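Here's coords.txt, which has compact mmCIF, C-alpha atoms:
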```txt
# COMPACT_ATOMS: atom_id res chain seq x y z
CA MET A 1 0.00 0.00 0.00
CA THR A 2 2.70 2.46 1.03
CA GLU A 3 4.83 2.97 -2.05
CA ARG A 4 6.43 6.15 -1.00
CA PHE A 5 8.31 6.76 2.20
CA THR A 6 8.52 10.34 3.41
CA TYR A 7 11.70 10.74 5.40
CA LEU A 8 11.25 13.60 7.85
CA ASP A 9 14.30 13.15 10.02
CA ALA A 10 16.91 15.30 8.28
CA ALA A 11 17.90 16.81 11.62
CA SER A 12 19.29 13.39 12.55
CA ALA A 13 20.84 12.78 9.13
CA GLU A 14 20.18 14.48 5.81
CA PRO A 15 20.28 12.11 2.81
CA LEU A 16 23.55 12.31 0.89
CA HIS A 17 23.60 15.38 -1.35
CA PRO A 18 23.94 14.52 -5.06
CA ALA A 19 26.99 16.78 -5.20
CA ALA A 20 28.65 14.57 -2.58
CA ARG A 21 27.92 11.21 -4.16
CA GLU A 22 30.13 11.50 -7.23
CA VAL A 23 32.92 13.06 -5.25
CA LEU A 24 32.71 10.28 -2.68
CA LEU A 25 33.01 7.56 -5.31
CA ALA A 26 35.87 9.25 -7.15
CA ALA A 27 37.75 10.06 -3.97
CA ALA A 28 37.32 6.52 -2.64
CA ASP A 29 39.73 5.35 -5.34
CA GLN A 30 42.19 8.19 -4.84
CA GLY A 31 42.16 9.05 -1.17
CA TYR A 32 43.14 5.82 0.53
CA ALA A 33 46.74 6.55 1.49
CA ASP A 34 48.11 8.14 4.65
CA PRO A 35 48.81 11.75 3.69
CA ARG A 36 51.73 11.98 6.15
CA ARG A 37 53.84 9.58 4.10
CA LEU A 38 56.23 10.71 1.40
CA HIS A 39 55.15 8.59 -1.56
CA ARG A 40 52.95 9.51 -4.47
CA PRO A 41 49.65 7.98 -3.25
CA ALA A 42 50.23 9.85 0.03
CA ARG A 43 50.67 13.10 -1.87
CA ASN A 44 47.45 12.40 -3.77
CA ALA A 45 45.59 11.78 -0.55
CA GLY A 46 47.13 14.88 1.00
CA LEU A 47 46.04 16.94 -1.98
CA LEU A 48 42.47 15.70 -1.66
CA LEU A 49 42.40 16.44 2.07
CA SER A 50 43.81 19.89 1.56
CA ASN A 51 41.27 20.47 -1.17
CA ALA A 52 38.47 19.42 1.21
CA ARG A 53 39.79 21.77 3.87
CA GLU A 54 39.93 24.66 1.45
CA VAL A 55 36.37 24.11 0.23
CA VAL A 56 35.04 23.86 3.79
CA ALA A 57 36.95 26.96 4.85
CA GLU A 58 35.60 28.93 1.93
CA ALA A 59 32.02 27.74 2.49
CA LEU A 60 32.23 28.74 6.16
CA GLY A 61 34.17 31.94 5.58
CA VAL A 62 37.14 30.99 7.75
CA ARG A 63 40.86 30.38 7.16
CA ARG A 64 42.07 27.00 5.95
CA ASP A 65 44.23 26.49 9.03
CA GLU A 66 41.17 27.00 11.22
CA VAL A 67 39.43 23.87 9.86
CA LEU A 68 40.00 20.45 11.40
CA PHE A 69 38.27 17.23 10.45
CA THR A 70 37.11 14.72 13.06
CA SER A 71 35.49 11.33 12.78
CA SER A 72 31.96 12.59 13.57
CA GLY A 73 29.97 15.55 14.79
CA THR A 74 29.97 13.99 18.23
CA SER A 75 33.76 13.73 18.30
CA ALA A 76 34.02 17.33 17.05
CA VAL A 77 31.84 18.42 19.97
CA HIS A 78 33.86 16.38 22.46
CA ALA A 79 37.24 17.62 21.24
CA GLY A 80 36.00 21.17 20.74
CA LEU A 81 34.57 21.61 24.21
CA LEU A 82 37.18 19.68 26.15
CA GLY A 83 40.05 21.46 24.42
CA LEU A 84 38.99 24.74 26.05
CA GLY A 85 39.41 25.62 29.72
CA SER A 86 40.37 23.32 32.55
CA ARG A 87 38.17 24.19 35.52
CA GLY A 88 34.40 24.61 35.40
CA ILE A 89 32.04 24.32 32.43
CA GLY A 90 28.89 26.36 31.94
CA HIS A 91 26.52 24.96 29.30
CA SER A 92 22.96 25.76 28.34
CA ALA A 93 20.26 23.43 29.61
CA VAL A 94 19.32 22.53 26.04
CA GLU A 95 22.70 21.43 24.65
CA HIS A 96 23.00 18.24 22.64
CA GLN A 97 23.72 15.10 24.65
CA ALA A 98 27.28 15.12 23.26
CA VAL A 99 28.01 18.33 25.22
CA ILE A 100 26.42 16.96 28.38
CA ASP A 101 28.37 13.71 28.07
CA ALA A 102 31.68 15.53 27.49
CA ALA A 103 31.12 17.78 30.51
CA ARG A 104 30.34 14.80 32.73
CA TRP A 105 33.26 12.74 31.39
CA SER A 106 35.72 15.58 31.97
CA GLN A 107 35.09 15.43 35.73
CA ARG A 108 35.58 19.17 35.75
CA SER A 109 33.82 21.08 38.47
CA PRO A 110 31.53 22.85 38.68
CA VAL A 111 29.39 21.98 35.67
CA THR A 112 26.83 24.77 35.66
CA GLU A 113 23.62 24.46 33.70
CA LEU A 114 22.56 27.77 32.14
CA ALA A 115 18.79 28.24 32.27
CA VAL A 116 16.60 28.71 29.20
CA ASP A 117 13.25 30.38 28.65
CA GLY A 118 10.02 28.74 27.47
CA GLU A 119 11.26 28.80 23.88
CA ALA A 120 14.60 27.19 24.73
CA GLY A 121 16.56 30.43 24.35
CA VAL A 122 19.44 30.66 26.80
CA ASP A 123 19.10 33.24 29.57
CA VAL A 124 22.09 35.53 29.00
CA GLY A 125 21.88 36.68 32.62
CA THR A 126 22.78 33.17 33.79
CA VAL A 127 25.84 33.24 31.51
CA ARG A 128 26.90 36.52 33.13
CA ASP A 129 26.31 35.11 36.63
CA ALA A 130 28.29 31.95 35.90
CA VAL A 131 31.21 33.98 34.57
CA HIS A 132 31.12 36.44 37.47
CA ALA A 133 31.15 33.60 39.99
CA GLY A 134 34.60 32.92 38.58
CA GLU A 135 34.35 29.16 38.57
CA VAL A 136 33.75 28.35 34.92
CA ASP A 137 36.44 28.85 32.31
CA VAL A 138 34.49 27.66 29.26
CA ILE A 139 30.94 28.41 28.16
CA ALA A 140 29.11 26.10 25.75
CA VAL A 141 26.05 27.32 23.88
CA GLN A 142 24.74 25.86 20.63
CA GLN A 143 24.06 27.95 17.53
CA ALA A 144 20.58 26.49 17.10
CA ASN A 145 18.67 23.90 19.04
CA HIS A 146 18.54 20.47 17.40
CA GLU A 147 15.07 19.59 18.72
CA VAL A 148 13.05 22.78 18.62
CA GLY A 149 15.10 24.96 16.24
CA THR A 150 15.64 27.93 18.57
CA LEU A 151 18.44 30.26 17.43
CA GLN A 152 20.56 31.18 20.43
CA PRO A 153 21.57 34.80 21.08
CA LEU A 154 25.24 34.03 20.55
CA ASP A 155 26.46 37.62 20.22
CA GLU A 156 24.98 38.44 23.61
CA VAL A 157 26.27 35.18 25.07
CA ALA A 158 29.78 35.99 23.84
CA SER A 159 29.72 39.46 25.30
CA ALA A 160 28.37 38.11 28.61
CA ALA A 161 31.13 35.50 28.60
CA GLY A 162 33.74 38.23 28.20
CA PRO A 163 37.22 36.69 28.37
CA VAL A 164 35.88 33.18 29.05
CA PRO A 165 36.17 31.09 25.88
CA LEU A 166 32.98 30.12 24.08
CA PHE A 167 32.37 26.73 22.51
CA VAL A 168 29.57 26.63 19.94
CA ASP A 169 27.92 23.38 18.89
CA ALA A 170 26.75 24.32 15.40
CA CYS A 171 25.89 20.76 14.33
CA ALA A 172 22.19 21.51 13.77
CA ALA A 173 22.85 24.65 11.74
CA MET A 174 26.16 24.36 9.89
CA GLY A 175 25.68 24.87 6.16
CA ARG A 176 22.07 25.92 6.63
CA LEU A 177 22.95 29.19 8.35
CA PRO A 178 26.05 31.37 8.19
CA LEU A 179 28.74 30.41 10.69
CA PRO A 180 28.37 32.38 13.93
CA SER A 181 30.66 35.39 14.07
CA VAL A 182 31.53 34.53 17.68
CA GLY A 183 32.86 31.40 19.32
CA ASP A 184 36.46 30.30 19.88
CA VAL A 185 35.73 26.78 18.67
CA ILE A 186 32.72 25.70 16.60
CA ALA A 187 31.67 22.11 15.83
CA GLY A 188 29.71 20.73 12.87
CA SER A 189 28.50 17.39 11.57
CA ALA A 190 28.60 16.52 7.85
CA ARG A 191 25.67 14.12 7.81
CA LYS A 192 23.40 16.87 9.07
CA TRP A 193 24.03 18.95 5.94
CA GLY A 194 23.97 16.11 3.42
CA GLY A 195 27.57 14.96 3.64
CA PRO A 196 28.41 11.34 4.49
CA GLY A 197 28.39 10.00 8.03
CA GLY A 198 31.69 9.79 9.84
CA VAL A 199 32.89 13.33 9.18
CA GLY A 200 32.87 16.14 11.72
CA VAL A 201 34.24 19.63 11.31
CA LEU A 202 35.92 21.63 14.01
CA VAL A 203 36.55 25.31 13.41
CA VAL A 204 39.28 26.41 15.79
CA ARG A 205 39.78 30.15 15.62
CA ARG A 206 43.40 31.19 15.42
CA SER A 207 43.09 33.22 18.58
CA ALA A 208 41.58 30.33 20.55
CA ARG A 209 43.52 28.85 23.44
CA TRP A 210 42.52 25.35 22.43
CA ARG A 211 44.46 22.12 22.56
CA TRP A 212 43.70 18.55 21.53
CA PRO A 213 42.22 17.01 24.71
CA PHE A 214 42.73 13.34 23.87
CA PRO A 215 45.83 11.15 23.39
CA GLY A 216 48.00 12.72 20.71
CA ASP A 217 49.91 15.92 20.15
CA GLU A 218 48.27 18.42 22.49
CA TRP A 219 49.21 21.63 20.73
CA SER A 220 49.17 20.44 17.13
CA ARG A 221 46.20 21.68 15.13
CA THR A 222 46.02 18.74 12.76
CA ASP A 223 43.27 16.21 12.10
CA GLN A 224 44.44 13.79 14.73
CA GLY A 225 43.27 10.25 14.10
CA PHE A 226 41.19 11.30 11.10
CA SER A 227 41.58 9.11 8.03
CA ASN A 228 38.33 9.42 6.10
CA ILE A 229 39.64 11.52 3.23
CA PRO A 230 36.95 10.53 0.71
CA GLY A 231 34.38 11.40 3.37
CA ALA A 232 35.95 14.80 4.01
CA LEU A 233 35.97 15.63 0.31
CA ALA A 234 32.36 14.55 -0.13
CA ALA A 235 31.37 16.50 2.99
CA ALA A 236 33.08 19.56 1.54
CA ALA A 237 31.29 19.19 -1.80
CA ALA A 238 27.95 18.84 -0.03
CA LEU A 239 28.64 21.85 2.17
CA GLN A 240 29.57 23.98 -0.81
CA ALA A 241 26.35 22.97 -2.59
CA VAL A 242 24.18 23.47 0.49
CA VAL A 243 25.58 26.95 1.08
CA ALA A 244 24.94 27.85 -2.55
CA GLU A 245 21.35 26.59 -2.39
CA ARG A 246 20.40 27.64 1.09
CA GLN A 247 18.60 30.88 0.36
CA ALA A 248 15.98 29.15 -1.77
CA VAL A 249 15.87 25.93 0.28
CA ASN A 250 15.58 27.74 3.61
CA ALA A 251 12.74 29.94 2.39
CA ARG A 252 10.79 26.92 1.14
CA GLN A 253 11.44 24.89 4.29
CA HIS A 254 10.61 27.78 6.59
CA GLU A 255 7.23 28.15 4.93
CA LEU A 256 6.48 24.42 5.08
CA ILE A 257 7.34 24.28 8.77
CA SER A 258 5.11 27.29 9.40
CA LEU A 259 2.36 25.35 7.66
CA VAL A 260 2.96 22.37 9.96
CA ARG A 261 2.88 24.61 13.03
CA GLN A 262 -0.40 26.23 11.96
CA ARG A 263 -2.20 23.10 10.89
CA VAL A 264 -1.13 21.00 13.88
CA ARG A 265 -2.33 23.74 16.24
CA ALA A 266 -5.60 24.16 14.36
CA GLU A 267 -6.43 20.52 13.70
CA VAL A 268 -5.10 18.56 16.67
CA PRO A 269 -6.66 19.31 20.06
CA ASP A 270 -4.44 19.44 23.16
CA VAL A 271 -1.14 19.79 21.36
CA ASP A 272 1.95 21.67 22.48
CA VAL A 273 3.94 23.07 19.54
CA ALA A 274 7.34 23.92 20.99
CA GLY A 275 9.84 26.63 20.18
CA PRO A 276 9.76 29.97 18.38
CA ALA A 277 7.43 30.46 15.41
CA ASP A 278 9.85 32.47 13.29
CA GLU A 279 13.31 32.88 14.81
CA ARG A 280 14.26 29.27 14.28
CA LEU A 281 16.01 26.76 12.05
CA PRO A 282 14.07 26.63 8.78
CA HIS A 283 13.64 22.89 8.51
CA LEU A 284 12.33 21.45 11.76
CA VAL A 285 9.49 21.53 14.23
CA THR A 286 8.61 19.52 17.29
CA PHE A 287 5.24 19.09 18.98
CA SER A 288 3.69 16.94 21.68
CA ALA A 289 0.18 15.52 21.81
CA LEU A 290 -1.36 15.15 25.23
CA TYR A 291 -2.26 11.59 26.38
CA VAL A 292 -0.38 10.02 23.45
CA ASP A 293 2.46 7.54 23.70
CA GLY A 294 5.43 8.88 21.70
CA GLU A 295 6.57 5.47 20.56
CA ALA A 296 3.08 4.55 19.37
CA LEU A 297 2.89 7.82 17.43
CA VAL A 298 6.25 7.27 15.73
CA THR A 299 5.24 3.70 14.87
CA ALA A 300 1.88 4.81 13.47
CA LEU A 301 3.61 7.41 11.29
CA ASP A 302 6.10 4.81 10.12
CA ARG A 303 3.19 2.59 9.07
CA LEU A 304 1.77 5.55 7.19
CA GLY A 305 5.13 5.88 5.45
CA ALA A 306 6.67 8.78 7.31
CA GLY A 307 9.88 8.69 9.37
CA VAL A 308 10.13 11.07 12.31
CA ALA A 309 12.12 11.35 15.52
CA SER A 310 10.75 11.66 19.06
CA GLY A 311 11.95 13.19 22.31
CA SER A 312 9.61 11.14 24.47
CA ALA A 313 11.07 8.95 27.19
CA CYS A 314 9.56 5.76 25.77
CA THR A 315 11.55 6.22 22.53
CA SER A 316 14.93 6.85 24.18
CA ASP A 317 17.64 4.37 25.15
CA THR A 318 17.81 5.83 28.62
CA ARG A 319 14.02 5.95 29.12
CA GLU A 320 14.49 9.61 30.05
CA PRO A 321 12.43 12.30 28.38
CA SER A 322 14.11 14.92 26.19
CA ARG A 323 16.14 17.30 28.33
CA VAL A 324 15.36 20.07 25.86
CA LEU A 325 11.60 19.71 26.18
CA ALA A 326 11.90 19.35 29.96
CA ALA A 327 14.10 22.45 30.33
CA MET A 328 11.67 24.62 28.40
CA GLY A 329 8.62 23.28 30.23
CA ALA A 330 7.13 21.64 27.14
CA LEU A 331 5.14 18.43 27.29
CA THR A 332 7.54 15.50 26.85
CA HIS A 333 5.22 12.61 26.06
CA GLY A 334 3.52 12.15 22.70
CA ASN A 335 6.36 14.07 21.10
CA VAL A 336 7.55 14.01 17.50
CA ARG A 337 10.08 16.07 15.62
CA LEU A 338 9.58 16.59 11.89
CA SER A 339 12.65 17.76 10.00
CA LEU A 340 12.59 18.33 6.25
CA THR A 341 15.17 17.22 3.74
CA ARG A 342 16.19 19.59 0.96
CA ASP A 343 13.69 17.96 -1.42
CA THR A 344 10.72 17.41 0.89
CA THR A 345 7.69 18.67 -1.02
CA ARG A 346 4.52 20.36 0.10
CA GLU A 347 2.64 17.20 -0.92
CA ASP A 348 4.85 15.11 1.40
CA VAL A 349 4.11 17.40 4.30
CA GLU A 350 0.41 17.65 3.56
CA ARG A 351 0.05 13.89 3.34
CA VAL A 352 1.36 13.58 6.89
CA LEU A 353 -0.68 16.55 8.13
CA ASP A 354 -3.85 15.10 6.61
CA ALA A 355 -3.35 11.82 8.46
CA LEU A 356 -2.13 13.20 11.78
CA PRO A 357 -5.41 14.24 13.47
CA GLY A 358 -6.91 10.80 12.82
CA ILE A 359 -3.82 8.95 14.06
CA ILE A 360 -3.74 10.96 17.29
CA LYS A 361 -7.48 10.60 17.79
CA ASP A 362 -7.19 6.81 17.44
CA LEU A 363 -4.27 6.61 19.87
CA ARG A 364 -6.20 8.65 22.43
CA ALA A 365 -9.25 6.45 21.97
CA GLU A 366 -7.08 3.37 22.59
CA ALA A 367 -5.90 4.99 25.84
CA GLY A 368 -9.51 5.41 26.93
CA LEU A 369 -9.91 9.12 26.24
CA MET B 1 -12.69 26.66 50.14
CA SER B 2 -12.48 23.04 51.13
CA GLU B 3 -9.58 21.04 49.74
CA GLN B 4 -10.68 17.49 49.37
CA ILE B 5 -7.75 15.67 47.93
CA LEU B 6 -8.16 12.74 45.63
CA THR B 7 -4.86 10.94 45.08
CA LEU B 8 -4.38 8.71 42.07
CA ASP B 9 -1.84 5.95 42.60
CA CYS B 10 0.19 5.68 39.38
CA ARG B 11 3.26 4.04 40.87
CA GLY B 12 4.99 1.83 38.35
CA GLN B 13 3.15 3.33 35.39
CA ALA B 14 5.17 4.69 32.46
CA CYS B 15 4.45 7.94 30.64
CA PRO B 16 1.92 8.97 29.48
CA ARG B 17 -0.24 6.76 31.72
CA PRO B 18 -0.15 8.98 34.85
CA ILE B 19 -1.21 11.97 32.73
CA ILE B 20 -3.98 9.95 31.09
CA GLU B 21 -5.25 9.05 34.58
CA LEU B 22 -5.19 12.72 35.55
CA GLY B 23 -7.19 13.59 32.45
CA ARG B 24 -9.72 10.86 33.16
CA HIS B 25 -10.20 11.70 36.82
CA LEU B 26 -10.09 15.48 36.88
CA GLY B 27 -13.88 15.49 36.76
CA ASP B 28 -13.98 13.46 40.00
CA VAL B 29 -13.13 16.57 42.02
CA GLU B 30 -15.07 19.83 42.12
CA VAL B 31 -13.75 23.12 40.77
CA GLY B 32 -11.46 24.59 43.45
CA GLU B 33 -10.53 21.19 44.85
CA VAL B 34 -7.19 19.50 44.54
CA ILE B 35 -6.44 16.28 42.73
CA ALA B 36 -3.08 14.60 43.18
CA VAL B 37 -1.17 11.88 41.38
CA ALA B 38 1.57 9.72 42.87
CA ALA B 39 3.93 8.77 40.04
CA ASP B 40 7.51 7.53 40.00
CA ASP B 41 7.85 7.90 36.22
CA VAL B 42 10.50 10.59 35.56
CA ALA B 43 8.53 12.18 32.74
CA ALA B 44 5.66 12.96 35.13
CA HIS B 45 7.85 15.55 36.85
CA HIS B 46 7.77 17.60 33.64
CA ASP B 47 4.49 16.51 32.18
CA VAL B 48 2.16 17.17 35.11
CA PRO B 49 2.95 20.92 35.12
CA ALA B 50 2.81 20.94 31.29
CA TRP B 51 -0.57 19.18 31.41
CA ALA B 52 -1.90 21.74 33.91
CA ARG B 53 -0.72 24.61 31.68
CA MET B 54 -2.28 23.09 28.56
CA ARG B 55 -5.57 22.22 30.28
CA GLY B 56 -5.89 25.53 32.13
CA GLN B 57 -5.56 23.96 35.59
CA GLU B 58 -3.31 25.13 38.42
CA PHE B 59 -0.20 23.12 39.25
CA VAL B 60 0.09 23.49 43.02
CA GLY B 61 3.36 21.69 43.59
CA GLU B 62 5.12 18.48 44.38
CA VAL B 63 5.34 16.68 47.71
CA GLU B 64 6.84 13.34 48.65
CA ALA B 65 4.83 10.32 49.72
CA GLU B 66 6.00 8.20 52.67
CA ASP B 67 7.67 5.79 50.27
CA GLY B 68 9.57 8.65 48.60
CA VAL B 69 7.44 8.69 45.45
CA PRO B 70 6.63 12.21 44.21
CA VAL B 71 3.02 13.31 44.54
CA TYR B 72 1.99 16.07 42.15
CA ARG B 73 -0.93 18.30 43.17
CA ILE B 74 -3.26 20.16 40.84
CA ARG B 75 -6.15 22.45 41.65
CA ARG B 76 -9.11 22.12 39.32
CA LEU B 77 -9.94 25.56 37.94
CA SER B 78 -12.52 24.65 35.33
```

Target format structure tokens, applied to this file:
Amino acid sequence: MTERFTYLDAASAEPLHPAAREVLLAAADQGYADPRRLHRPARNAGLLLSNAREVVAEALGVRRDEVLFTSSGTSAVHAGLLGLGSRGIGHSAVEHQAVIDAARWSQRSPVTELAVDGEAGVDVGTVRDAVHAGEVDVIAVQQANHEVGTLQPLDEVASAAGPVPLFVDACAAMGRLPLPSVGDVIAGSARKWGGPGGVGVLVVRRSARWRWPFPGDEWSRTDQGFSNIPGALAAAAALQAVVAERQAVNARQHELISLVRQRVRAEVPDVDVAGPADERLPHLVTFSALYVDGEALVTALDRLGAGVASGSACTSDTREPSRVLAAMGALTHGNVRLSLTRDTTREDVERVLDALPGIIKDLRAEAGL
Amino acid sequence: MSEQILTLDCRGQACPRPIIELGRHLGDVEVGEVIAVAADDVAAHHDVPAWARMRGQEFVGEVEAEDGVPVYRIRRLS
């Protein structure tokens, strides 16, 4: 019955951009060698890697020597955050789990959670307080929230942080939005912009007092342990293409998400649509339906032929609800996040929207309501 | 105003069950009275206040039962 599957989970992983596919295949044959060696295949691999770095730097508007590759967005976040400071960490309450995990693993103290408002925007006053208390020597605030799309007030955060270095997790936004003008170290994830999995980008500003925090050469700003040269080149090609296309793609996605927000509010009773209506990432929205089991909702949508993520406890490995939804006071059960790919159409979205009220009504009826 | 408390025992129930029970039993108390739910599910800590906000009821607060399980209290406003 379901011929067509509508993938609405680009915020977890965007399908490979066509610009990346050819590059990936070509580079797979050329980029196998270790670029640190002195033979010809090594020089070829080195050339490809340096090419990838240059393309990424240009797409992001930074210097080539400010771009490092890592083996994933998660590892970029880990290395980026942990390479700054040595005492306490202040991070927003709505950071990605990778930031939370790194802070906990570091055993640094104190780890201060910076409060957010009802739309997941970080409270700049808490940044100022944390810095004034004198115990944190790195602040971590994302560029945009990965679950609700909130754009963080990074300029204000940076000025509140003053001399304390700022780490920015830009994984949800890199490529889609211009790189933040502030931040000592900024992390990105290729598969979230249509590059292949297994490639992270770390922008380390020249002025940053950052060092490699894991085994290896502490002060060397090289891609330590990174060997996925075909991946880096494909990620670079995808990034270049995404940056070139983003004006048109963002406008279309922003409008489609606005449509989802309006129709869900209008057509589904007792629903909590989270996050800002306009000042947000263009391609994603999350909402929670009262009295509905998140896992059942995701499963019902999958049966319909639509793939979405959920922040509800019943869908998580840890059985904990989404920290983002909890921190902003949003309903955590019955939650789904829809995130559009670059070629999601209005018909795709409308098909899901048409079915949604009935699906939720049925699930509520099953629960006895 | 009398506060006759009805406490729903939702120990051991996973989300969204405790909230569903709240929704089903709100009508068992009069407007102005307090209904409570004892729930050890972690999501209830966030979802009871969110439910109250969405349904236009007043979240009064959280107390602890003798066995340490949180008891969330809501005043029926409508």

With all atoms listed in the file as the atoms that count, which of A:Ser316, A:Ala26, A:Ile139, A:Arg176 lies nearest to Ala241 in chain A?
->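 Ranked by minimum distance to Ala241 in chain A, first place goes to A:Arg176.
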
Output the contact residues of chain B with respect to chain A at a cut-off of 8 Å, based on all atoms listed in the file, as a list of chain:residue names.
->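 The selection requested is B:Cys15, B:Pro16, B:Arg17, B:Ile19, B:Ile20, B:Arg24, B:Val42, B:Ala43, B:His46, B:Asp47, B:Pro49, B:Ala50, B:Trp51, B:Met54, B:Arg55.
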
Tell me, in Å to one decimal, how far CA of Gly275 in chain A is from CA of Ile257 in chain A.
-> 11.9 Å

Compute the distance from (1.2, 6.4, 41.1) to each atom, counting only C-alpha atoms, keep the residues with any atom at most 10 Å away, and return them as a list of chain:residue names; use the coordinates of the file.
-> B:Thr7, B:Leu8, B:Asp9, B:Cys10, B:Arg11, B:Gly12, B:Gln13, B:Ala14, B:Arg17, B:Pro18, B:Glu21, B:Ala36, B:Val37, B:Ala38, B:Ala39, B:Asp40, B:Asp41, B:Ala44, B:Val69, B:Pro70, B:Val71, B:Tyr72

May I ask for the distance between CA of Ala158 in chain A and CA of Glu245 in chain A, given in Å to one decimal place?
->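 Spanning CA of Ala158 in chain A to CA of Glu245 in chain A is a straight-line distance of 29.1 Å.
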
Interatomic distance between CA of Ala251 in chain A and CA of Pro276 in chain A?
-> 16.3 Å

Which residue gives the smallest distance to Gly90 in chain A among A:Gly188, A:Pro165, A:Pro196, A:Pro282, with only C-alpha atoms counted?
->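 For Gly90 in chain A, the nearest of the given residues is A:Pro165.
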
Of the candidates A:Gly195, A:Arg263, A:Gly125, A:Leu82, which one gets nearest to Trp105 in chain A if we count all atoms listed in the file?
->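 Going through A:Gly195, A:Arg263, A:Gly125, A:Leu82 one by one, the smallest distance to Trp105 in chain A is for A:Leu82.
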
For Val23 in chain A, which residue among A:Gly307, A:Pro357, A:Pro230, A:Pro180 is the nearest when counting only C-alpha atoms?
-> A:Pro230

Scan for residues within 12 Å of the point (4.4, 22.9, 44.7) in the coordinates of the file, using all atoms listed in the file, and reply as a list in words.
->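 Result, sorted by chain then residue number: Ala36, His45, Val48, Pro49, Glu58, Phe59, Val60, Gly61, Glu62, Val63, Glu64, Pro70, Val71, Tyr72, Arg73, Ile74 and Arg75 of chain B.
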
Within 7 Å of range 221-224 of chain A using only C-alpha atoms, minus same-chain residues under 5 positions, as a VMD selection string | chain A and resid 68 to 70

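Restricting the calculation to only C-alpha atoms, the smallest distance between Ala27 in chain A and any of A:Val199, A:Ala289, A:Ala190, A:Ala234 is found for A:Ala234.
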
Rank A:Val124, A:Leu16, A:Cys171, A:Ala11 by their smallest atom-to-atom distance to Ser75 in chain A, using all atoms listed in the file, and report the top residue only.
-> A:Cys171
